[in-house]
Structures are given as C-alpha cells and as structure tokens.
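Colleague: Before anything else, here's the structure in question.
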Amino acid sequence: MADEMGQVGPDKRTTGSAAQSSLTSVVKGSGTILAGLMIGKVLGTLNQVLFARILGPEQYGLFNLGLSITTILVIISMFGLQDGITRFVSMALKEKDYGKLISVVSFGILFGLISSVLFGLLLIVAAPWFSANVLGKPDLQRVLRLFALSIPFTALMYIFVSILRGMKESRLPVLIQEVVARLSRTVVFLILLLVGFRLTGALTAWTISSACAALFALVVTVRKAIVPFKGRGDRIPVAREILTYSWPLTLSSFILLAMTQSSQLILGAFAAAEDVGYYFSAMSIAQLLNFILYSFGFVFLPAVSALFLEKDFEAIGRLYASVTKWIFMISFPVFLVFISFPDTILTILYGEEYVSGAVVLVFLSIGILVTGSTGLKGLLLNGIGKTRLTLAADLTGSLVNVALNIVLIKLYGILGAAIATAFSLSLRNILALVFVKREIKMKIYDASFLKIALVDTLIMAVAYFVARQAGLYWQPLIIIPFVLLCYAAIVKLDLIDDYDREIVGKIGDRFPMGRKILGLIGLR
C-alpha cells in the first residue's frame, strides 16, 4: 500500500478538492462541536466538583472506583461497535445502500441491548465477591450494584450516538452526551441532595441521567436514521461483516480503557479510597485537554472512511496533518497552565483537601499532551481498516501501564500511578503514530510546531511570575488573558499559513461572536 502513496506534508497545496472538502467539513463541524464540548465540560466539571466536595475524598474514591469498573464493563459489552457502526453507516449512506443502513442500525441496537443487560446482571451478582476479595473494600458492593443499573442505558446511548456520527449529524451526539446526560446528572443529584442522599444520590443520579440521554438519543435516531430510510431497500445480513471489523476494537477499547482506568483500580487494591479520590480529582482536570482532540475526532472518522473508499490517501494525509496542528495549537497553552498551577486549580475547584493530587495533574497532563500532539492516530487506522494496528499499540501501552502501576504504586503511591499512566500513554501514542506513518507516508510536523511551543512557553513564563505574586483567587483572572495572548501571538507572528486561516475563518462564520474575536486577532 505504501508504494501507492506519495509524500504528504502540511505545505502541500494541491491535494485536490476531496482534501479541501473533507478538511473544511472536519473543522467547521469541530467548531460547532467545540462549543458543545465546552458546555459539556463545564457541566461535567461542575458535576465532579459537586461530587468531590459533598462526598469527601473517601466516598468520592469509592464512587470513582465503581465508575471505573462499570465503564470497563460497558466498553466490553459494546464489542467495539461504536466505531464499527459509525463506519458502516457512513459507507452505506455514501453508497446509497439504504437497506444495509437499516440493517446496520437494527443490528447495533439489538446487540448493544442484549449484551449490556447481561453484563449489568453479571456485575450485580459478582459485586459482593469482587468488592471484598479483589479490592478489599466491602463498602464498594452497594456502589457497584447501583452502578450496574446504568450499564444498559449507557451502552444504548453510545450505539445511538455512533449511528448519528455515521450520518454526520455532529451536533446531536454532542447534545446527547455532553448536555443532556451531564445536565440531567447535575440536576438530579442536587434534588436528591436536598432530601438527604449523598453517595446514594450520586449513584442514582448517574443511572437516571444515563436513561434520560438514552431515551433522547432513541427518539432522535428513529427520526433521523430509521423513519426516512425504512422500506427503501432490502434488508441484508450485516452481523458477520460488522463483528469482523469490530472485534479487534473490542480488545483495543478494553485495553485502552484498562490503561486509563487501571491506575484507579490498582490504587484501590493497594491504597486507601482517599488516594483514589485525590487521583481522580487530578485526572478529571487533566482530561479537559482531551476535549480538543475529541472535538476534531468526532467528525474525523466519517471523513477518513469516505476518503478511503476513494483511495485518496494523499487527501487523508493532508487531513491528518492539518488537524494535528490545530489540536496542538489549541492544547499547548492550556497544558502550560495545568503544569504551572496544579495546586491553584485543585484548591479552587475541589478544595484544599485535594491538593495532594497536584503532582498527579502535572504528569497526567504530559501524557495527554502527547496524545493530542500525535494526532488522531487510532481513528485514522480504524478509518482505513487497520484495526489490528490500533490493537497492537493499545495492547503494548496497556501491558506496560499495568506492570508499571503495580511496581510504582507500591513504591510511590499516587505519584507512581501518575508516572506509570503518563509514560504508557506516551508510549502507546508514539507507537500508533509510527504505524500511521508506515501506512500513509506523510510529513506531519514542521518548524511551526517548535515556534508555537516556544512563543507559548515564553508568554506563560511571564504569566507564572505575575500570577504567583497574587492571591489564590486572583490568579485565574491573571492567567486567562495570557492564554488568550498565546493564541493572538500565533496569528500575529504568522505561525499559521493562509490555508489554516481559511479553515479557521469557516469556524468563525458559524458564530457571530466568533467573527468578532477572529477579527480582533487578525484571522478575519
């Protein structure tokens, strides 16, 4: 395959209309998604802050141990169908094979429902033994059983979101996952808190919000994917084709999730529940960096799948390189804030008792920055059908992570967990990038990446010196203008080319306020 692909780099300007159209679609869609994700992250952070402050480190740790176990079971029950359904729905629409479209949708819903109910029942039955004998925390039993009720609702929500993504309905999945689920979770928890429920209220709110999101997603999917195309083609068997594509992603998703969740589980086995609470408070903040990557990734897979059908590897390479640059430009100033002011962030959001997680925030931020700075590797490999390479990268990172966590947590506690996770995340993403470059020869990085990093670092160094002289609650008011200055400096110093200006201008066209902001910094 490599012999059929030319060298692709960010400076190529003649990649054809397919690359231009796909990149424009990704960035315009990501502009809308970014706004939705920002709202969702605010709601999600508010939710976590409420849980952490009201439950305290010990109960917050138990809550997140249960959430980690439940999340792993949801992913296993999905059997890799999220990306598989998105891909096959996208391809069926492009080929106007509406019979296959309905077949894919019907199979995904039925399989997800049956599988998730079985795994929910399994968790209910196994909760007493697992809590007492594996993690040594009998109080976790009630947490796991209440969380088990949310598994079918969560799995169905993911199935419906995958269908909508395949139809390139980018706004609706964001509304479902980031607004409906998170907002209902916060509202229900506050109501239950008023009548005296704390930990039980948090667990019940999680299940009710999952049910609300799944119901909303069901209604939208029926209207968008089933009603318009029902009866427009013959139903065909699709189970074998979808499962053949998706089964490596089952292991890959589980392994990748185990890599990100194993730190909490191993901490739960070797340390107190409070340590899990400290660790998760830091991790929930570090993962805010992921919303930029997730925003672009939400519409990246359908675009890559469509280009792959046309065998336009040059366009795929151009798309990948451009999206990677935008992810880095947006992420890096935020990363510098996280590693410069971890104690300030944790104290303001979670309270002084959570400041022990400051060093965790620093190391996890490093691992997540590497994830974003190497681009949407897994989605590209999945989009071109190389799911086994995704599995290989994830398996390597996961095995290293589990081994390092077992060793380092015993020696250094939560610091060891943070180091292990950061190192394994970096290893996994660098290895996946090597696979990407082997499949599609392209130039991803150029001197502009180094210049952007240098400019941002110099600006944030000044911000660090100025903010540290101020009181705790004055520091954010000082930091935010410097972050905005980083973005303005990138534009004023011509660190993005005309093509990038054209693409980001299309984002501004979607928001009246966005046009004004882009005009002020010179992008319009």
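Labels for the structure tokens follow display order: chains A, B, ..., residues from 1 in each chain, ligands from 1.
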Sorted by chain and rising residue number, which residues of segment 52-145 of chain A lie within 9 Å of segment 167-183 of chain A, and what are their closest atom pairs and distances in Å to one decimal, counting only C-alpha atoms, as a Markdown table?
Modeller:
```
| residue | atom | partner | partner_atom | distance |
| --- | --- | --- | --- | --- |
| A:Thr86 | CA | A:Met167 | CA | 7.8 |
| A:Val89 | CA | A:Met167 | CA | 6.6 |
| A:Ser90 | CA | A:Met167 | CA | 5.9 |
| A:Leu93 | CA | A:Met167 | CA | 7.4 |
```
Colleague: For C-alpha atoms, I'd like the residues from the last selection saved as a PDB file, in the first residue's frame.
Modeller:
```
ATOM      1  CA  THR A  86     -20.142   4.765  12.542  1.00  0.00           C
ATOM      2  CA  VAL A  89     -23.429   3.744   8.440  1.00  0.00           C
ATOM      3  CA  SER A  90     -21.197   6.321   6.741  1.00  0.00           C
ATOM      4  CA  LEU A  93     -25.048   6.342   3.047  1.00  0.00           C
TER       5      LEU A  93
END
```
Colleague: Counting only C-alpha atoms, which of A:Leu415, A:Ala463, A:Leu203, A:Leu477 gets nearest to Ser356 of chain A?
Modeller: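 With only C-alpha atoms as the atom set, the closest residue is A:Leu415.
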Colleague: Based on DSSP run over this structure's backbone, return all residues of segment 188-422 of chain A in alpha helix (DSSP H), as a ChimeraX atom specification.
Modeller: /A:188-194,199-221,239-270,273-286,290-309,313-340,342-350,358-373,377-383,387-412,414-422
Colleague: Considering only C-alpha atoms, return as a list in words whatever protein or nucleic-acid residues lie within 12 Å of Asp139 of chain A, sequence-local ones (same chain, fewer than 5 positions apart) excluded.
Modeller: Glu58, Gln59, Gly61, Leu62, Phe63, Leu65, Gly66, Ala127, Pro128, Trp129, Phe130, Ser131, Ala132, Asn133, Leu144, Arg145, Leu199 and Ala273 of chain A
Colleague: Applying 12 Å and only C-alpha atoms, which residues near Gln82 of chain A remain after dropping the ones on its own chain fewer than 3 positions away? List them as a PyMOL selection string.
Modeller: chain A and resi 74-79+85-89+104-105+108-109+111-112+155-166+242-243+245-247+249-250+253+298+301+379+382
Colleague: Identify which of the residues A:Leu381, A:Ala447, A:Ala272, A:Ile345 lies closest to Ala432 of chain A, counting only C-alpha atoms when measuring atom-to-atom distances.
Modeller: A:Leu381
Colleague: Write out as an MDAnalysis selection string each polymer residue whose atoms come within 10 Å of Thr457 of chain A, counting only C-alpha atoms; drop sequence neighbours fewer than 6 positions from it.
Modeller: chainID A and resid 332:333 336 451 463 486
Colleague: Output N, CA, C and O atoms of each residue in that selection to a file, as an mmCIF file, in the first residue's frame.
Modeller:
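Now in result-v3.cif:
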```cif
data_model
loop_
_atom_site.group_PDB
_atom_site.id
_atom_site.type_symbol
_atom_site.label_atom_id
_atom_site.label_comp_id
_atom_site.auth_asym_id
_atom_site.auth_seq_id
_atom_site.Cartn_x
_atom_site.Cartn_y
_atom_site.Cartn_z
ATOM 1 N N PHE A 332 -1.721 23.462 23.673
ATOM 2 C CA PHE A 332 -0.460 23.696 24.369
ATOM 3 C C PHE A 332 -0.546 24.783 25.441
ATOM 4 O O PHE A 332 -0.019 24.592 26.550
ATOM 5 N N PRO A 333 -1.175 25.936 25.201
ATOM 6 C CA PRO A 333 -1.263 26.927 26.277
ATOM 7 C C PRO A 333 -2.018 26.406 27.506
ATOM 8 O O PRO A 333 -1.652 26.713 28.650
ATOM 9 N N LEU A 336 0.265 24.220 29.529
ATOM 10 C CA LEU A 336 1.208 25.001 30.327
ATOM 11 C C LEU A 336 0.559 25.521 31.611
ATOM 12 O O LEU A 336 1.215 25.593 32.664
ATOM 13 N N LYS A 451 8.092 26.616 16.947
ATOM 14 C CA LYS A 451 7.925 28.054 17.163
ATOM 15 C C LYS A 451 6.707 28.347 18.032
ATOM 16 O O LYS A 451 6.746 29.206 18.921
ATOM 17 N N ALA A 463 3.406 34.866 32.706
ATOM 18 C CA ALA A 463 2.161 34.670 33.448
ATOM 19 C C ALA A 463 2.425 34.006 34.794
ATOM 20 O O ALA A 463 1.821 34.381 35.811
ATOM 21 N N CYS A 486 -1.483 34.011 23.999
ATOM 22 C CA CYS A 486 -0.774 32.947 23.265
ATOM 23 C C CYS A 486 -1.416 32.721 21.895
ATOM 24 O O CYS A 486 -0.715 32.633 20.875
#
```
Colleague: Tell me which of A:Ala282, A:Gln48, A:Leu149, A:Gly351 sits closest to Ile339 of chain A, counting only C-alpha atoms.
Modeller: A:Ala282
Colleague: Any idea what the distance is between atom CA of Leu190 of chain A and atom CA of Thr207 of chain A?
Modeller: 14.3 Å
Colleague: Using only C-alpha atoms, determine which residues lie at most 6 Å from Gly120 of chain A, disregarding the query and same-chain residues fewer than 2 positions distant; provide the list as a list in words.
Modeller: Val117, Leu118, Leu122, Leu123, Ala148 and Ile151 of chain A
Colleague: Got time to write the residues from that selection, all heavy atoms, as a CSV table (one decimal), in the first residue's frame?
Modeller:
```
chain,number,residue,atom,x,y,z
A,117,VAL,N,-27.3,-5.7,29.0
A,117,VAL,CA,-28.2,-6.2,30.1
A,117,VAL,C,-27.5,-7.4,30.8
A,117,VAL,O,-27.5,-7.5,32.0
A,117,VAL,CB,-29.5,-6.6,29.5
A,117,VAL,CG1,-30.3,-7.5,30.6
A,117,VAL,CG2,-30.4,-5.4,29.2
A,118,LEU,N,-26.8,-8.3,30.0
A,118,LEU,CA,-26.1,-9.4,30.5
A,118,LEU,C,-25.0,-9.0,31.4
A,118,LEU,O,-24.8,-9.5,32.5
A,118,LEU,CB,-25.6,-10.3,29.4
A,118,LEU,CG,-26.7,-11.1,28.6
A,118,LEU,CD1,-26.1,-11.9,27.5
A,118,LEU,CD2,-27.5,-12.0,29.5
A,122,LEU,N,-24.4,-9.5,35.5
A,122,LEU,CA,-23.1,-10.0,35.9
A,122,LEU,C,-22.5,-9.2,37.1
A,122,LEU,O,-22.0,-9.8,38.1
A,122,LEU,CB,-22.1,-10.2,34.8
A,122,LEU,CG,-20.7,-10.7,35.1
A,122,LEU,CD1,-20.7,-12.1,35.7
A,122,LEU,CD2,-19.8,-10.6,33.9
A,123,LEU,N,-22.5,-7.9,36.9
A,123,LEU,CA,-21.9,-7.0,37.9
A,123,LEU,C,-22.8,-7.1,39.2
A,123,LEU,O,-22.2,-7.1,40.3
A,123,LEU,CB,-21.9,-5.6,37.4
A,123,LEU,CG,-21.3,-4.6,38.4
A,123,LEU,CD1,-19.8,-5.0,38.8
A,123,LEU,CD2,-21.3,-3.2,37.8
A,148,ALA,N,-24.5,-0.8,38.3
A,148,ALA,CA,-24.8,-1.8,37.3
A,148,ALA,C,-26.1,-1.5,36.6
A,148,ALA,O,-26.3,-1.8,35.4
A,148,ALA,CB,-25.0,-3.2,38.0
A,151,ILE,N,-25.7,0.4,33.2
A,151,ILE,CA,-24.9,-0.1,32.0
A,151,ILE,C,-25.8,-0.2,30.8
A,151,ILE,O,-25.3,0.2,29.7
A,151,ILE,CB,-24.3,-1.5,32.4
A,151,ILE,CG1,-23.2,-1.3,33.5
A,151,ILE,CG2,-23.8,-2.3,31.2
A,151,ILE,CD1,-22.6,-2.6,34.0
```
Colleague: Pick out the residues sitting within 9 Å of Ser426 of chain A, and hand them over as a PyMOL selection string; count only C-alpha atoms, and ignore anything fewer than 6 positions along from it in its own chain.
Modeller: chain A and resi 366-371+397
Colleague: Filtering to all heavy atoms, could you give me those residues as a short mmCIF file (atom, residue, chain, number, x, y, z; two decimals), in the first residue's frame?
Modeller:
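Output below, filename again25.cif:
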```
data_model
loop_
_atom_site.label_atom_id
_atom_site.label_comp_id
_atom_site.auth_asym_id
_atom_site.auth_seq_id
_atom_site.Cartn_x
_atom_site.Cartn_y
_atom_site.Cartn_z
N ILE A 366 1.06 15.76 30.95
CA ILE A 366 2.12 15.45 29.98
C ILE A 366 1.69 14.30 29.08
O ILE A 366 1.82 14.36 27.85
CB ILE A 366 3.43 15.10 30.71
CG1 ILE A 366 3.98 16.33 31.45
CG2 ILE A 366 4.47 14.57 29.73
CD1 ILE A 366 5.16 16.04 32.37
N GLY A 367 1.16 13.23 29.68
CA GLY A 367 0.72 12.09 28.88
C GLY A 367 -0.38 12.45 27.91
O GLY A 367 -0.39 12.01 26.75
N ILE A 368 -1.33 13.29 28.34
CA ILE A 368 -2.45 13.66 27.48
C ILE A 368 -2.00 14.63 26.40
O ILE A 368 -2.52 14.60 25.27
CB ILE A 368 -3.59 14.24 28.34
CG1 ILE A 368 -4.17 13.14 29.22
CG2 ILE A 368 -4.69 14.83 27.45
CD1 ILE A 368 -5.22 13.61 30.19
N LEU A 369 -1.00 15.49 26.69
CA LEU A 369 -0.48 16.37 25.64
C LEU A 369 0.15 15.55 24.51
O LEU A 369 -0.05 15.86 23.33
CB LEU A 369 0.57 17.33 26.22
CG LEU A 369 1.21 18.24 25.17
CD1 LEU A 369 0.22 19.30 24.70
CD2 LEU A 369 2.48 18.89 25.70
N VAL A 370 0.89 14.51 24.86
CA VAL A 370 1.48 13.64 23.84
C VAL A 370 0.37 13.00 23.00
O VAL A 370 0.48 12.89 21.77
CB VAL A 370 2.37 12.56 24.49
CG1 VAL A 370 2.86 11.56 23.44
CG2 VAL A 370 3.56 13.20 25.19
N THR A 371 -0.71 12.61 23.66
CA THR A 371 -1.84 12.01 22.94
C THR A 371 -2.37 12.97 21.87
O THR A 371 -2.57 12.59 20.71
CB THR A 371 -2.98 11.67 23.92
OG1 THR A 371 -2.49 10.75 24.90
CG2 THR A 371 -4.16 11.07 23.19
N GLY A 397 0.79 -0.44 25.16
CA GLY A 397 0.67 0.58 26.19
C GLY A 397 0.01 0.07 27.45
O GLY A 397 0.41 0.42 28.56
#
```
Colleague: Hey, can you check how far atom CA of Ile414 of chain A sits from atom CA of Ala269 of chain A?
Modeller: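 These atoms are spaced 12.4 Å apart.
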